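**Q** Sharing input_37.txt, compact mmCIF, C-alpha atoms and all ligand atoms:
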```txt
# COMPACT_ATOMS: atom_id res chain seq x y z
CA MET A 1 24.34 49.16 -20.54
CA ASN A 2 22.76 50.53 -23.73
CA ALA A 3 20.43 48.57 -26.04
CA THR A 4 23.22 47.47 -28.40
CA GLU A 5 25.40 46.24 -25.55
CA LEU A 6 22.43 44.38 -24.11
CA ASP A 7 21.70 42.73 -27.47
CA ARG A 8 25.34 41.65 -27.70
CA ALA A 9 25.27 40.19 -24.19
CA LEU A 10 22.17 38.07 -24.89
CA GLY A 11 22.02 34.56 -26.26
CA PHE A 12 19.30 31.92 -26.70
CA ALA A 13 19.69 28.14 -26.67
CA PRO A 14 17.28 25.21 -26.68
CA MET A 15 16.61 24.21 -23.06
CA GLN A 16 18.76 21.29 -21.92
CA GLU A 17 18.10 18.67 -19.28
CA ALA A 18 20.89 20.33 -17.28
CA ASP A 19 18.76 23.53 -17.14
CA LEU A 20 15.70 21.85 -15.66
CA GLU A 21 16.52 22.15 -11.97
CA TRP A 22 17.40 25.83 -12.35
CA VAL A 23 14.31 26.54 -14.44
CA ALA A 24 12.00 24.90 -11.88
CA GLU A 25 13.69 26.85 -9.04
CA GLN A 26 13.12 30.11 -10.91
CA ASP A 27 9.52 29.19 -11.69
CA LYS A 28 8.92 28.69 -7.97
CA LEU A 29 10.25 32.18 -7.31
CA LEU A 30 8.28 33.81 -10.13
CA TYR A 31 4.82 32.22 -10.00
CA PRO A 32 2.24 31.54 -7.27
CA PHE A 33 1.46 28.21 -8.99
CA PRO A 34 4.78 27.16 -10.57
CA TRP A 35 5.58 24.34 -12.94
CA ALA A 36 7.71 21.48 -11.59
CA ALA A 37 10.85 20.30 -13.37
CA VAL A 38 8.84 17.36 -14.75
CA ASN A 39 6.44 19.74 -16.52
CA PHE A 40 9.35 21.35 -18.36
CA ALA A 41 10.83 17.90 -19.09
CA ASP A 42 7.45 16.78 -20.51
CA SER A 43 7.35 19.90 -22.69
CA MET A 44 10.80 19.05 -24.04
CA SER A 45 9.75 15.43 -24.73
CA ALA A 46 6.56 16.62 -26.43
CA GLY A 47 8.70 18.63 -28.86
CA TYR A 48 7.54 22.06 -27.66
CA GLY A 49 9.95 24.92 -28.24
CA CYS A 50 11.77 25.21 -24.91
CA TRP A 51 14.32 28.03 -24.71
CA THR A 52 16.84 29.31 -22.22
CA MET A 53 18.00 32.92 -22.48
CA PHE A 54 21.51 33.89 -21.37
CA GLU A 55 22.94 37.26 -20.43
CA GLY A 56 26.73 37.41 -20.42
CA GLY A 57 26.77 33.61 -20.35
CA GLU A 58 24.49 33.36 -17.30
CA ARG A 59 20.97 32.02 -17.42
CA ALA A 60 18.59 34.98 -17.42
CA GLY A 61 15.21 33.63 -18.55
CA TYR A 62 13.32 30.84 -20.24
CA ALA A 63 10.23 30.15 -22.31
CA VAL A 64 8.05 27.34 -23.64
CA LEU A 65 6.01 27.57 -26.82
CA MET A 66 3.72 25.12 -28.56
CA MET A 67 3.08 25.17 -32.31
CA VAL A 68 -0.31 24.04 -33.62
CA LEU A 69 -0.49 24.29 -37.40
CA ASP A 70 0.12 27.97 -38.17
CA GLU A 71 -0.52 29.12 -34.59
CA VAL A 72 1.95 29.34 -31.77
CA HIS A 73 0.96 29.39 -28.10
CA ILE A 74 3.27 30.74 -25.45
CA LEU A 75 2.95 28.48 -22.42
CA ASN A 76 5.65 30.12 -20.31
CA ILE A 77 7.79 33.24 -20.63
CA SER A 78 9.91 34.30 -17.69
CA VAL A 79 12.80 36.57 -16.82
CA VAL A 80 14.86 36.08 -13.64
CA GLY A 81 13.58 38.46 -10.95
CA GLU A 82 16.64 40.68 -10.56
CA ARG A 83 17.03 41.04 -14.35
CA GLN A 84 13.47 42.21 -15.04
CA GLY A 85 12.55 45.69 -16.30
CA ARG A 86 15.60 46.05 -18.60
CA GLY A 87 14.14 44.85 -21.88
CA LEU A 88 14.93 41.15 -21.56
CA GLY A 89 11.28 40.08 -21.61
CA ARG A 90 10.73 41.95 -24.87
CA ARG A 91 13.82 40.41 -26.41
CA LEU A 92 12.79 36.92 -25.33
CA LEU A 93 9.35 37.51 -26.83
CA ASP A 94 10.91 38.75 -30.07
CA HIS A 95 13.14 35.65 -30.17
CA LEU A 96 10.08 33.40 -29.79
CA ALA A 97 8.23 35.33 -32.49
CA ALA A 98 11.19 34.97 -34.89
CA VAL A 99 11.49 31.22 -34.23
CA ALA A 100 7.74 30.73 -34.65
CA LYS A 101 7.61 32.78 -37.84
CA GLU A 102 10.50 30.80 -39.27
CA ALA A 103 8.52 27.61 -38.52
CA GLY A 104 5.50 29.00 -40.39
CA ALA A 105 3.39 30.46 -37.59
CA ARG A 106 1.14 33.38 -38.53
CA GLN A 107 -0.33 34.21 -35.12
CA MET A 108 0.88 34.03 -31.55
CA PHE A 109 -1.51 33.41 -28.62
CA LEU A 110 -1.16 33.43 -24.87
CA GLU A 111 -3.17 33.61 -21.66
CA VAL A 112 -2.35 36.05 -18.89
CA ARG A 113 -3.75 36.87 -15.47
CA PRO A 114 -5.42 40.32 -15.57
CA SER A 115 -3.55 41.05 -12.29
CA ASN A 116 -0.13 40.48 -13.93
CA THR A 117 0.67 44.11 -14.71
CA PRO A 118 4.28 43.66 -15.97
CA ALA A 119 3.27 40.85 -18.33
CA LEU A 120 0.25 42.77 -19.64
CA ALA A 121 2.47 45.81 -20.21
CA LEU A 122 4.98 43.69 -22.14
CA TYR A 123 2.31 42.13 -24.37
CA GLN A 124 0.44 45.38 -25.01
CA ARG A 125 3.66 47.21 -25.91
CA ALA A 126 4.54 44.39 -28.30
CA GLY A 127 1.17 44.69 -30.06
CA PHE A 128 -0.88 41.82 -28.62
CA GLU A 129 -4.61 42.47 -28.45
CA THR A 130 -7.05 40.94 -25.98
CA ILE A 131 -9.49 38.70 -27.83
CA GLY A 132 -11.25 36.92 -24.98
CA ARG A 133 -11.51 36.10 -21.32
CA ARG A 134 -11.55 32.54 -19.93
CA LYS A 135 -13.59 32.51 -16.73
CA GLY A 136 -11.76 30.96 -13.75
CA TYR A 137 -8.86 29.82 -15.95
CA TYR A 138 -6.18 30.14 -13.25
CA PRO A 139 -5.98 28.85 -9.69
CA ALA A 140 -5.66 31.74 -7.22
CA ALA A 141 -5.11 32.10 -3.49
CA ASP A 142 -8.82 32.82 -2.94
CA GLY A 143 -10.35 30.58 -5.61
CA ARG A 144 -9.90 31.13 -9.35
CA GLU A 145 -8.80 34.03 -11.54
CA ASP A 146 -9.87 34.69 -15.13
CA GLY A 147 -7.38 34.41 -17.96
CA LEU A 148 -7.17 37.04 -20.70
CA VAL A 149 -6.58 35.51 -24.12
CA MET A 150 -4.29 37.64 -26.25
CA ARG A 151 -3.29 37.43 -29.91
CA TRP A 152 -0.41 38.89 -31.90
CA PRO A 153 -0.29 38.60 -35.71
CA LEU A 154 3.29 37.70 -36.67
C1 LIG B 1 6.55 39.45 -17.70
C2 LIG B 1 8.08 39.45 -17.77
C3 LIG B 1 8.53 38.29 -18.64
C4 LIG B 1 8.53 40.79 -18.41
O1 LIG B 1 9.95 40.76 -18.54
P1 LIG B 1 10.83 42.08 -18.35
O2 LIG B 1 12.21 41.75 -18.74
O3 LIG B 1 10.62 42.63 -17.00
O4 LIG B 1 10.13 43.06 -19.42
P2 LIG B 1 10.82 44.22 -20.25
O5 LIG B 1 11.84 44.91 -19.41
O6 LIG B 1 11.26 43.67 -21.57
O7 LIG B 1 9.58 45.20 -20.45
C5 LIG B 1 8.72 45.12 -21.58
C6 LIG B 1 7.72 46.27 -21.54
O8 LIG B 1 6.81 46.10 -20.46
C7 LIG B 1 6.86 47.23 -19.58
N1 LIG B 1 6.94 46.74 -18.19
C8 LIG B 1 7.75 45.78 -17.71
N2 LIG B 1 7.54 45.63 -16.38
C9 LIG B 1 6.59 46.54 -16.04
C10 LIG B 1 5.96 46.88 -14.81
N3 LIG B 1 6.27 46.27 -13.67
N4 LIG B 1 5.02 47.85 -14.83
C11 LIG B 1 4.71 48.51 -15.98
N5 LIG B 1 5.29 48.22 -17.17
C12 LIG B 1 6.22 47.25 -17.19
C13 LIG B 1 8.14 47.95 -19.89
O9 LIG B 1 7.98 49.33 -19.68
C14 LIG B 1 8.43 47.59 -21.31
O10 LIG B 1 7.89 48.52 -22.21
P3 LIG B 1 8.91 49.48 -23.01
O11 LIG B 1 9.86 48.55 -23.74
O12 LIG B 1 8.03 50.21 -23.92
O13 LIG B 1 9.58 50.28 -21.96
C15 LIG B 1 8.71 39.40 -16.36
O14 LIG B 1 8.17 40.43 -15.58
C16 LIG B 1 8.50 38.06 -15.65
O15 LIG B 1 9.23 37.11 -15.86
N6 LIG B 1 7.49 38.01 -14.76
C17 LIG B 1 7.24 36.81 -13.93
C18 LIG B 1 6.74 35.67 -14.77
C19 LIG B 1 5.47 36.03 -15.54
O16 LIG B 1 4.52 36.54 -14.97
N7 LIG B 1 5.48 35.73 -16.85
C20 LIG B 1 4.36 36.00 -17.73
C21 LIG B 1 3.28 35.00 -17.55
S1 LIG B 1 1.89 35.33 -18.60
```
Reformat the file's structure so that it appears as structure tokens.
**A**
Amino acid sequence: MNATELDRALGFAPMQEADLEWVAEQDKLLYPFPWAAVNFADSMSAGYGCWTMFEGGERAGYAVLMMVLDEVHILNISVVGERQGRGLGRRLLDHLAAVAKEAGARQMFLEVRPSNTPALALYQRAGFETIGRRKGYYPAADGREDGLVMRWPL
């Protein structure tokens, strides 16, 4: 599938309650310390931007973003395991950036584990820069892991 065909096959919709069970199942597969369905439900109730990405009508990824004044924070961005490495993560990120920009955001922030090579690659390719390091930000199998703070001017 070339880039144009991929773009045509993709769609984005606000996350629905009917997505929650699937989203939590995926999160369990994708993260060592996943969110539960209730965490996604709380994000929806809090008015955070919660998105489901579709490929050819099937759920392919999801994301949660929080707006604070003119800043947007990505709290979760995920692509289904078997669909990774084909440009979906970048397109989901671009969708979030477009939504945030439209809502008046000027900068996008996120935290990432330094050990998360695919995520770091995605963010660096997109133009995020590392602006800080939060010591022991994440739980890890053998204690805590630092979080890199990254920023992307929109
Ligand atoms: C991070 C994640 C969203 C990336 O999604 P993806 O669909 O695989 O990413 P893409 O195919 O759009 O790749 C984006 C860029 O990152 C690079 N990249 C992706 N995976 C990579 C890997 N494993 N190693 C090196 N580079 C990688 C690609 O080369 C691409 O750059 P390019 O467009 O210049 O070729 C996906 O891996 C994921 O869901 N991971 C599990 C959940 C997670 O860790 N989320 C992030 C939490 S901070």
**Q** Between CA of Glu111 (chain A) and CA of Met15 (chain A), measure the distance and give it in Å to one decimal.
**A**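 We find that CA of Glu111 (chain A) and CA of Met15 (chain A) lie 21.9 Å from each other.
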**Q** Restrict the calculation to all atoms listed in the file, then for each residue of chain A with any atom at most 7 Å from an atom of ligand LIG 1 (chain B) give the closest atom pair and their distance in Å to one decimal, rows by chain and rising residue number, as a tab-separated table.
**A**
```
residue	atom	partner	partner_atom	distance
A:Leu30	CA	B:LIG1	C17	5.0
A:Tyr31	CA	B:LIG1	C18	6.2
A:Asn76	CA	B:LIG1	C21	6.1
A:Ile77	CA	B:LIG1	N7	5.1
A:Ser78	CA	B:LIG1	O15	3.4
A:Val79	CA	B:LIG1	O15	3.7
A:Val80	CA	B:LIG1	O15	6.1
A:Gly81	CA	B:LIG1	O15	6.7
A:Arg83	CA	B:LIG1	O2	6.6
A:Gln84	CA	B:LIG1	O3	3.5
A:Gly85	CA	B:LIG1	O5	3.3
A:Arg86	CA	B:LIG1	O5	4.0
A:Gly87	CA	B:LIG1	O6	3.1
A:Leu88	CA	B:LIG1	O2	4.0
A:Gly89	CA	B:LIG1	O1	3.4
A:Arg90	CA	B:LIG1	O6	3.8
A:Arg91	CA	B:LIG1	O6	6.4
A:Glu111	CA	B:LIG1	S1	6.2
A:Val112	CA	B:LIG1	S1	4.3
A:Arg113	CA	B:LIG1	S1	6.6
A:Asn116	CA	B:LIG1	O16	6.2
A:Thr117	CA	B:LIG1	N4	5.7
A:Pro118	CA	B:LIG1	C9	3.7
A:Ala119	CA	B:LIG1	C1	3.6
A:Ala121	CA	B:LIG1	O8	4.4
A:Leu122	CA	B:LIG1	O8	3.5
A:Arg125	CA	B:LIG1	O12	5.7
```
**Q** At what distance in Å, to one decimal, does CA of Ser45 (chain A) lie from CA of Ile74 (chain A)?
**A**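 Answer for the CA of Ile74 (chain A) to CA of Ser45 (chain A) separation: 16.6 Å.
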**Q** Could you check how far CA of Leu93 (chain A) sits from CA of Met44 (chain A), in Å to one decimal?
**A** 18.7 Å
**Q** So which one's closest to Ala18 (chain A), A:Arg144, A:Ala41, A:Leu92, A:Gly47? Using all atoms listed in the file, please.
**A** A:Ala41
**Q** Hey, which of A:Glu82, A:Glu129, A:Asp7, A:Asp19 ends up closest to Leu148 (chain A)? Count all atoms listed in the file.
**A**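 Of the candidates, the smallest distance to Leu148 (chain A) is held by A:Glu129.
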**Q** Under the rule that only C-alpha atoms are counted, which of A:Glu55, A:Asp94, A:Asp42, A:Glu25 is the nearest residue to Ala126 (chain A)?
**A**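 Residue with the minimum atom-to-atom distance to Ala126 (chain A): A:Asp94.
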**Q** Might you pull out every residue within 12 Å of Tyr137 (chain A), with only C-alpha atoms counted and same-chain residues fewer than 2 positions away left off, and present them as a VMD selection string?
**A** chain A and resid 111 to 114 132 to 135 139 to 140 143 to 149
**Q** List the spatial neighbours of Met108 (chain A) as a short mmCIF file (atom, residue, chain, number, x, y, z; two decimals) with C-alpha atoms, keeping the file's coordinate frame - criterion: any atom at most 7 Å away, all atoms listed in the file, same-chain residues fewer than 3 positions off excluded.
**A**
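Listing of result_35.cif after writing:
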```cif
data_model
loop_
_atom_site.label_atom_id
_atom_site.label_comp_id
_atom_site.auth_asym_id
_atom_site.auth_seq_id
_atom_site.Cartn_x
_atom_site.Cartn_y
_atom_site.Cartn_z
CA GLU A 71 -0.52 29.12 -34.59
CA VAL A 72 1.95 29.34 -31.77
CA HIS A 73 0.96 29.39 -28.10
CA ARG A 151 -3.29 37.43 -29.91
CA TRP A 152 -0.41 38.89 -31.90
CA PRO A 153 -0.29 38.60 -35.71
CA LEU A 154 3.29 37.70 -36.67
#
```
**Q** Using all atoms listed in the file, determine which residues lie at most 12 Å from Glu58 (chain A), disregarding the query and same-chain residues fewer than 6 positions distant; provide the list as a ChimeraX atom specification.
**A** /A:9-13,19,22,52,80,83
**Q** Return as lines of an AutoDock Vina configuration file the centre and edge lengths, in Å with one decimal, of the box along x, y and z that encloses every atom of region 102-108 of chain A in the file, padded by 3 Å per side.
**A**
```
center_x = 5.1
center_y = 30.9
center_z = -36.0
size_x = 16.8
size_y = 12.6
size_z = 14.8
```
**Q** Could you tell me which of A:Ala63, A:Ala105, A:Ala3, A:Ala141 comes closest to Asp27 (chain A) if we count only C-alpha atoms?
**A**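 Answer, going by the shortest atom-to-atom distance: A:Ala63.
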**Q** Considering all atoms listed in the file, return as a list of chain:residue names whatever protein or nucleic-acid residues lie within 12 Å of Ala46 (chain A), sequence-local ones (same chain, fewer than 6 positions apart) excluded.
**A**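 Returned residues: A:Val38, A:Asn39, A:Phe40, A:Val64, A:Leu65, A:Met66, A:Met67.
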**Q** With all atoms listed in the file as the atoms that count, which of A:Met53, A:Pro32, A:Ala60, A:Ala97 lies nearest to Asp142 (chain A)?
**A**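 Nearest candidate to Asp142 (chain A) out of A:Met53, A:Pro32, A:Ala60, A:Ala97: A:Pro32.
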